[in-house]
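J.: This is the structure I have questions about; it appears just below.
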Amino acid sequence: MKKIGFILISLFFVVFAYSQKATISGTVTDFSTRETMVGVNIILGESLGITTDIDGKYSIDVDPGRYVIEYKFVGYKSRKRIERVEAGQRYTINVRMEEETQLLSEVVVSAGKFEQNVEEVTVSMDVIRANVIENNNTLRLETALQKVPSIVMMDGQASIRGGSGYSFGAGSRVMMLVDDLPMMAGASGLALWDYAPVENIDQVEIIKGASSALYGSSALNGVINIRTKYPSLKPETKLIMTSGFYDNPIRKEIRWWPDDEQPVFTSMQFMHSRMIGNFDLVVGGNILSDEGYRETESRQSGRINFNTRWRSKKVQGLSFGVNANYMNFQGGRFMMWENGWDGLLKAAPAYKNYSVNNSRLNVDPYITYFSSVGNRHSLKTRYYETKNDNSTNQQNNDEIYYAEYQYQKYMEDNLTWTSGVSAHYLESTATIYGAEKHVGAGAAIYSQLDKKIKKFTTSVGARWEANRLNQDKSEGRPVFRTGLNYSLFEHTNLRASFGQGYRFPTITEKYIHSNAGQLNIFPNDTLKPESGWSAEIGLRQGFAISNWIGFIDISGFWTEYYDMIEFSFGYHFPDYLQNLPFYHPDSVFKYVGFKAINVSNARITGIDVNIGGQGSIFGVPVSLLGGYTYTDPIDLNISPEERRKNTKQSNMLKYRFNHTFKADAEMNIKNIYFGVSYIYFSHMINIDKAFEDTLRFPDRTVNGVVIPGQPIQYASGDYAFILPGLKEYREQHNKGYYVLDFRLGIELPNNSRVSIIAKNVLNNEYMIRPADIQPPRTFAVQYLMRL
C-alpha cells in the first residue's frame, strides 16, 4: 500500500506540474537606436502568436516544451531562438532587431491600416520623406505634392492620374488624412493643404486609385495620408528660418510692384519632441508672412500644434493622448486677372479689395490598447472647426465631429484582419447657403483581410457607408476592393488591384448661392453621388548599381466614373422666367454662372512609370525620385459621331494633361549638398469654353414675337468677358511648360545648415488652370538648426 500511495502521489505531482503553464516575456528594441518597437510579431511554433505592445513588451503563457520563437517586423531582419521551457517557470527574452538592407523598402500603413513593406502592397503608392520636405523649403504642403509623379495640384486641389479637374473650390475626389483620420473642410469638402503641419511630418503616403473601401467618401481618386512624428529616446529640437523674394517676371510689363522694390516672404518653423518617462510630447509651430507675387495676394498666417501620448504603467499595452492643431490666416486673395496682356498679375477691379480672415482648429483625443494575445483596439476621434470671414460679408462656420473604432488582429499563418466602424456629424452655417444651418451625418462599417501565402500577398476588403444632408433621405451603398501581390523573384513584385469608390455631394455643391464679381454660383439640391472604380496592374523591380540601390515601378491603370460632378457654366433661369419675352442685360447677368451638375460618365486610362534610388555612386551619396505619367481622360457622353460633326469639340475631360514628367535628384559631397527638381506638363486641351467666350444676353423672341420653348438666341453685341484675353493668351502660350528648381546647402558646425533655394530658375511664364499664372523666379535663404 505504501508503494501504491507513493506512486499515486508522484503521478499527481507530475500531472500537476505539466498542467502548469510557463511564461515567456520580454522587450524588443531597435539594435541601433535602442528604442522599443511596437507591433513586432512573435510566433511560437505553428499555432501561437503575439505582438509587442506600445512599450515594445510582450508576455505569453505556453505549455511546457521546446519552441522555435521567431520575431518578425516589416523592414527588419527576422530573429529566431530555440527555447525549452518548464512548467511554472518565467523566462525573460529580450531581443534587439536590426534593420534589413532592402531596396528602398519604405514602411507604409495607409494601404491596409497596418505596417507593410511598400514592395508588398497591392496598390500603387508613393512616399514623401521628411527630408524632401525640408530640403525643398516647403512652406505649404501642396508645393511638395506638386513634385510627386502622377499628382497635379491645381489651385490647391489635388488630382491623381487625371482623376480630378478643377472644381471651383468645392468637393474633392482625393481624401486628405492626418494620422489616418479625414481632414476635409466641412461644407466644401476641400482638403486645405496649407493647414498641414509641415514642421512635424514624418512622411506623406499617397495611394493612387479608388480607396473608398477603407476610407469612405472623398477617396474616389485616392488618399494622401500625412503621418506626424512621435519622439524618440533622444530629445530633438528643430528650427527653420527662411527669407526670400520674388524676382521680376520675364515680361516686365506684367509686373505690378515698383521698380525699386521686390515682394518678399519670410517664414519660421519650429518643432520640439521628447519622452518624459511614460509621457511623449511633440510641439510645433509655423509663422509665415508673404507679400505675394500677384496684386492683393498677401498673406500672414500662424500655426501651433502638439501631439501627446501617455503609456500606462498600470495596464500593459494601453496608451492614450490628445493631438491638436490651430491656424489663423489673414490677407488678400487673387481671384481673377485684369486681362491676358499686361494684367496677368494684376487683380480685376471687382476683386482688388477682396480679403479673408480664416481660422481652423482640430482636437483629436484617442486611445489604443494592445492585448497580450495580439489584438489591437483603437478609438480615434476628431473635432474640426473652420471659420471663414471675407470682405464681401460671406461668412461661414463649420464644425465636424468624427469618431472611428478599429479592431486589428494578427492571426496565425500571416493573416491580418482589420475592421472598424466610423461616424461623423457636421454643422455648417453660412450666408452663401442662405444663412441657414445645414447639417450632415454619416456612418460606416468596414473590414479587410490581408494574407501572405509564401510568395503571394492578397488583400480583400469591403465597406458600407450611408450619408445624409439636412432632411434628405439617407443614401447608403457598399463598395469593395481586392488586390494581389506576387514576388516573382527577390525584389521583383507583380501586383494587380481593383477598387470601387464613391463621393457624396457636399453642402457647397448642393446649396451654395453666391457670386464672385461678375460670376454667380448657383445651388443644385438634386445632385446625385458620383461613383466609379479603378483597376491596375503593375511591376516593381529593385536593382543595385555598386552601392546605389533603387527601384523602377511600371503600372497601367483604368478608371471609370459615373454621374461625375462638375461645375458647368451657363444660364440658370428660375422656372418663372423661362418664357418671358425680354431680358435686360443687367437682369440677365443675375442668372449666368456656374452650377454643380452630374454632367457625364468618364474613362481615364494610362501608364505610370516611377524610378527612385539612393546610395553612393563613386563614393558620392546620391538620391533620385522621378516619374512619367500618361493619361487619356475621356468624356464618354461625347460620342465619336458628335466629334465628327463638330471637329472643334474635344471629348477630353476638362483641366487635364496628357503627359507629365517630374524628377528630383540630390547629391552630397562632404558637407555640401546640391539638388535639382524638374517638372513638365503638356498643354491643357480642354477648359470651360465660357472662360474664352463673351457673355451675351439671351432673347426668346423671333421678329419681336415671343415663341415659348424657342431655343435661346444671343444678341450680336458682346457684353463682357469673364477672363479678358484668355483665348488669345492660350493660343500663344498653351504649348506645355517646364519648371526647373535648384538648391545648394552647406552643413555648419553644431548641427546647423544654410541653404540657397532658387525656384523657376529660368523664369518661365506659365499657368496650370486658366488665368492662374504661377510664380516667377524666386530666391530664398534657409537656415536649419537641430539641437
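Here, A, B, ... name the chains of the C-alpha cells in the order displayed, residue numbers run from 1 inside each chain, and ligands are numbered from 1 in the same displayed order.
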Contacts of range 395-410 of chain A at 6 Å or less, counting only C-alpha atoms, minus same-chain residues fewer than 2 places along, as an MDAnalysis selection string?

T.: chainID A and resid 186 375:389 393 416:430

J.: Give the alpha helix (DSSP H) residues of range 168-404 of chain A, as assigned by DSSP on the backbone, as JSON, numbers by chain.

T.: {"A": [212, 213, 214, 215]}

J.: For the atom pair CA of Val204 in chain A and CA of Leu141 in chain A, what is the interatomic distance in Å to one decimal place?

T.: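 Atom-to-atom, CA of Val204 in chain A to CA of Leu141 in chain A, that is 9.8 Å.
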
J.: Near Lys451 in chain A, within 6 Å and counting only C-alpha atoms, which residues show up once chain neighbours fewer than 3 positions away are dropped, as a list in words?

T.: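 My list of contacting residues is Asn414, Leu415, Thr457 and Thr458 of chain A.
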
J.: Create the file for the chosen residues now, containing all heavy atoms and written as a CSV table (one decimal), in the first residue's frame.

T.:
```csv
chain,number,residue,atom,x,y,z
A,414,ASN,N,0.3,34.4,-41.0
A,414,ASN,CA,0.4,35.7,-41.6
A,414,ASN,C,-0.9,36.2,-42.2
A,414,ASN,O,-1.0,36.8,-43.3
A,414,ASN,CB,1.4,35.6,-42.8
A,414,ASN,CG,2.8,35.3,-42.3
A,414,ASN,OD1,3.3,36.0,-41.4
A,414,ASN,ND2,3.5,34.4,-43.0
A,415,LEU,N,-1.9,36.1,-41.4
A,415,LEU,CA,-3.2,36.7,-41.7
A,415,LEU,C,-3.5,37.9,-40.8
A,415,LEU,O,-3.4,37.7,-39.5
A,415,LEU,CB,-4.3,35.6,-41.5
A,415,LEU,CG,-5.7,36.1,-41.7
A,415,LEU,CD1,-5.9,36.6,-43.2
A,415,LEU,CD2,-6.7,35.0,-41.4
A,457,THR,N,0.8,37.9,-51.6
A,457,THR,CA,0.2,38.7,-50.7
A,457,THR,C,-1.2,39.1,-51.2
A,457,THR,O,-1.2,39.7,-52.3
A,457,THR,CB,1.0,40.0,-50.3
A,457,THR,OG1,2.3,39.6,-49.8
A,457,THR,CG2,0.3,40.8,-49.3
A,458,THR,N,-2.2,38.7,-50.5
A,458,THR,CA,-3.6,39.0,-51.0
A,458,THR,C,-4.3,40.0,-50.1
A,458,THR,O,-4.0,40.0,-48.9
A,458,THR,CB,-4.4,37.7,-51.2
A,458,THR,OG1,-4.5,37.1,-49.9
A,458,THR,CG2,-3.7,36.8,-52.1
```

J.: Taking 2 positions as the minimum chain separation for residues in the same chain, which residues sit within 10 Å of Leu220 in chain A when counting only C-alpha atoms? Answer as an mmCIF file with C-alpha atoms, in the first residue's frame.

T.:
```
data_model
loop_
_atom_site.group_PDB
_atom_site.id
_atom_site.type_symbol
_atom_site.label_atom_id
_atom_site.label_comp_id
_atom_site.auth_asym_id
_atom_site.auth_seq_id
_atom_site.Cartn_x
_atom_site.Cartn_y
_atom_site.Cartn_z
ATOM 1 C CA GLY A 163 -8.903 61.713 -61.751
ATOM 2 C CA SER A 164 -9.944 65.296 -60.992
ATOM 3 C CA SER A 172 -12.501 66.740 -53.744
ATOM 4 C CA ARG A 173 -12.004 63.230 -55.104
ATOM 5 C CA VAL A 174 -8.745 62.929 -53.144
ATOM 6 C CA MET A 175 -9.038 62.498 -49.390
ATOM 7 C CA LYS A 208 -3.257 56.060 -56.244
ATOM 8 C CA GLY A 209 -6.759 54.949 -57.188
ATOM 9 C CA ALA A 210 -10.149 54.386 -55.571
ATOM 10 C CA SER A 211 -9.752 53.846 -51.818
ATOM 11 C CA SER A 212 -13.309 54.192 -50.537
ATOM 12 C CA ALA A 213 -13.406 50.623 -49.183
ATOM 13 C CA TYR A 215 -11.555 55.425 -46.190
ATOM 14 C CA GLY A 216 -15.039 56.224 -47.485
ATOM 15 C CA SER A 217 -16.432 59.141 -49.460
ATOM 16 C CA SER A 218 -13.932 61.599 -50.964
ATOM 17 C CA GLY A 222 -7.033 58.290 -53.923
ATOM 18 C CA VAL A 223 -5.708 59.165 -50.493
ATOM 19 C CA GLY A 499 -11.308 49.033 -56.118
ATOM 20 C CA GLN A 500 -14.653 50.804 -56.109
ATOM 21 C CA GLY A 501 -15.202 54.368 -54.961
ATOM 22 C CA TYR A 502 -17.873 56.988 -54.472
ATOM 23 C CA ARG A 503 -18.331 60.579 -53.349
ATOM 24 C CA GLU A 530 -20.752 60.179 -58.116
ATOM 25 C CA SER A 531 -19.197 56.728 -58.188
ATOM 26 C CA GLY A 532 -16.588 54.749 -60.036
ATOM 27 C CA TRP A 533 -13.898 52.100 -59.971
ATOM 28 C CA SER A 534 -10.226 51.799 -60.755
ATOM 29 C CA TYR A 561 -16.586 57.439 -63.211
#
```

J.: Enter the distance from CA of Ser487 in chain A to CA of Ser447 in chain A, in Å, rounded to one decimal.

T.: 25.1 Å

J.: Which residue gives the smallest distance to Leu192 in chain A among A:Ser359, A:Asn686, A:Gln20, A:Asn136, with only C-alpha atoms counted?

T.: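 Among A:Ser359, A:Asn686, A:Gln20, A:Asn136, it is A:Ser359 that comes nearest to Leu192 in chain A.
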
J.: Between CA of Trp257 in chain A and CA of Gln782 in chain A, what is the distance in Å, rounded to a tenth?

T.: 24.7 Å

J.: Can you list, as an MDAnalysis selection string, every protein, DNA or RNA residue that comes within 12 Å of Asn137 in chain A when you count only C-alpha atoms, leaving out same-chain residues fewer than 3 positions away?

T.: chainID A and resid 130:134 140:141 143:144 198:199 240:244 266:269 675 741:745 754:759 778:784

J.: Check the smallest atom-to-atom distance from each of A:Glu566, A:Leu469, A:Ile206, A:Pro775 to Ser110 in chain A using only C-alpha atoms, then report the winner.

T.: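 Closest to Ser110 in chain A of all the choices is A:Ile206.
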
J.: Report as a PyMOL selection string: the residues of range 441-622 of chain A with a DSSP assignment of strand (DSSP E), based on the backbone of this structure.

T.: chain A and resi 441-453+456-469+475-489+492-503+514-516+519-522+530-545+547-571+592-617+620-622

J.: Give me the residues within 12 Å of Leu723 in chain A as JSON, numbers by chain, counting only C-alpha atoms and dropping any in the same chain fewer than 6 places off.

T.: {"A": [335, 336, 337, 338, 339, 340, 341, 343, 344, 347, 348, 517, 518, 519, 688, 689, 690, 691, 692, 693, 694, 695, 729, 730, 770, 771, 772]}

J.: Dump N, CA and C atoms for the selected residues as an mmCIF file, in the first residue's frame?

T.:
```cif
data_model
loop_
_atom_site.group_PDB
_atom_site.id
_atom_site.type_symbol
_atom_site.label_atom_id
_atom_site.label_comp_id
_atom_site.auth_asym_id
_atom_site.auth_seq_id
_atom_site.Cartn_x
_atom_site.Cartn_y
_atom_site.Cartn_z
ATOM 1 N N MET A 335 -8.346 86.572 -57.201
ATOM 2 C CA MET A 335 -9.448 85.808 -57.775
ATOM 3 C C MET A 335 -9.333 85.693 -59.295
ATOM 4 N N MET A 336 -9.187 86.848 -59.991
ATOM 5 C CA MET A 336 -9.113 86.844 -61.454
ATOM 6 C C MET A 336 -8.188 87.956 -61.921
ATOM 7 N N TRP A 337 -7.541 87.687 -63.050
ATOM 8 C CA TRP A 337 -6.627 88.710 -63.559
ATOM 9 C C TRP A 337 -7.375 89.874 -64.208
ATOM 10 N N GLU A 338 -6.644 90.947 -64.405
ATOM 11 C CA GLU A 338 -7.223 92.131 -65.049
ATOM 12 C C GLU A 338 -7.424 91.893 -66.540
ATOM 13 N N ASN A 339 -6.412 91.309 -67.182
ATOM 14 C CA ASN A 339 -6.530 90.936 -68.595
ATOM 15 C C ASN A 339 -5.375 89.990 -68.946
ATOM 16 N N GLY A 340 -5.416 89.444 -70.156
ATOM 17 C CA GLY A 340 -4.422 88.479 -70.595
ATOM 18 C C GLY A 340 -3.266 89.067 -71.349
ATOM 19 N N TRP A 341 -3.058 90.390 -71.251
ATOM 20 C CA TRP A 341 -1.953 91.022 -71.971
ATOM 21 C C TRP A 341 -0.906 91.542 -70.984
ATOM 22 N N GLY A 343 -1.994 92.501 -67.728
ATOM 23 C CA GLY A 343 -2.631 92.470 -66.418
ATOM 24 C C GLY A 343 -2.700 91.084 -65.819
ATOM 25 N N LEU A 344 -1.740 90.212 -66.164
ATOM 26 C CA LEU A 344 -1.778 88.829 -65.695
ATOM 27 C C LEU A 344 -1.630 88.719 -64.186
ATOM 28 N N ALA A 347 -4.998 92.321 -60.218
ATOM 29 C CA ALA A 347 -6.351 91.874 -59.904
ATOM 30 C C ALA A 347 -7.372 92.660 -60.712
ATOM 31 N N ALA A 348 -8.422 91.958 -61.151
ATOM 32 C CA ALA A 348 -9.528 92.631 -61.815
ATOM 33 C C ALA A 348 -10.140 93.642 -60.853
ATOM 34 N N GLY A 517 -17.744 88.751 -58.010
ATOM 35 C CA GLY A 517 -17.688 89.753 -59.062
ATOM 36 C C GLY A 517 -18.813 89.519 -60.057
ATOM 37 N N GLN A 518 -18.460 89.287 -61.338
ATOM 38 C CA GLN A 518 -19.456 89.066 -62.375
ATOM 39 C C GLN A 518 -19.911 87.607 -62.452
ATOM 40 N N LEU A 519 -19.300 86.726 -61.678
ATOM 41 C CA LEU A 519 -19.635 85.314 -61.734
ATOM 42 C C LEU A 519 -20.600 84.941 -60.621
ATOM 43 N N ASP A 688 -13.342 75.102 -69.625
ATOM 44 C CA ASP A 688 -14.676 75.672 -69.811
ATOM 45 C C ASP A 688 -14.611 76.749 -70.882
ATOM 46 N N LYS A 689 -15.331 76.528 -71.968
ATOM 47 C CA LYS A 689 -15.263 77.482 -73.084
ATOM 48 C C LYS A 689 -15.778 78.860 -72.701
ATOM 49 N N ALA A 690 -16.585 78.922 -71.651
ATOM 50 C CA ALA A 690 -17.090 80.224 -71.221
ATOM 51 C C ALA A 690 -15.966 81.159 -70.820
ATOM 52 N N PHE A 691 -14.830 80.610 -70.362
ATOM 53 C CA PHE A 691 -13.712 81.456 -69.971
ATOM 54 C C PHE A 691 -13.063 82.140 -71.164
ATOM 55 N N GLU A 692 -13.242 81.583 -72.350
ATOM 56 C CA GLU A 692 -12.655 82.185 -73.548
ATOM 57 C C GLU A 692 -13.678 82.950 -74.369
ATOM 58 N N ASP A 693 -14.954 82.840 -74.003
ATOM 59 C CA ASP A 693 -16.025 83.433 -74.784
ATOM 60 C C ASP A 693 -16.505 84.715 -74.110
ATOM 61 N N THR A 694 -17.432 85.404 -74.809
ATOM 62 C CA THR A 694 -18.056 86.597 -74.238
ATOM 63 C C THR A 694 -19.382 86.230 -73.618
ATOM 64 N N LEU A 695 -19.839 87.047 -72.692
ATOM 65 C CA LEU A 695 -21.173 86.903 -72.128
ATOM 66 C C LEU A 695 -22.117 87.800 -72.902
ATOM 67 N N TYR A 729 -4.327 84.471 -75.062
ATOM 68 C CA TYR A 729 -3.168 84.023 -74.281
ATOM 69 C C TYR A 729 -2.938 82.525 -74.466
ATOM 70 N N ARG A 730 -4.008 81.752 -74.436
ATOM 71 C CA ARG A 730 -3.863 80.309 -74.614
ATOM 72 C C ARG A 730 -3.409 79.964 -76.032
ATOM 73 N N PRO A 770 -6.706 78.051 -66.003
ATOM 74 C CA PRO A 770 -6.836 79.329 -66.706
ATOM 75 C C PRO A 770 -6.717 80.530 -65.775
ATOM 76 N N ALA A 771 -5.910 81.486 -66.199
ATOM 77 C CA ALA A 771 -5.737 82.770 -65.506
ATOM 78 C C ALA A 771 -5.063 82.625 -64.149
ATOM 79 N N ASP A 772 -4.377 81.530 -63.927
ATOM 80 C CA ASP A 772 -3.682 81.301 -62.657
ATOM 81 C C ASP A 772 -2.177 81.250 -62.944
#
```

J.: Show me, as a PyMOL selection string, the residues that have an atom within 10 Å of Phe334 in chain A when counting only C-alpha atoms, minus same-chain residues fewer than 6 positions from it.

T.: chain A and resi 292+294-298+345-348+351-355+772
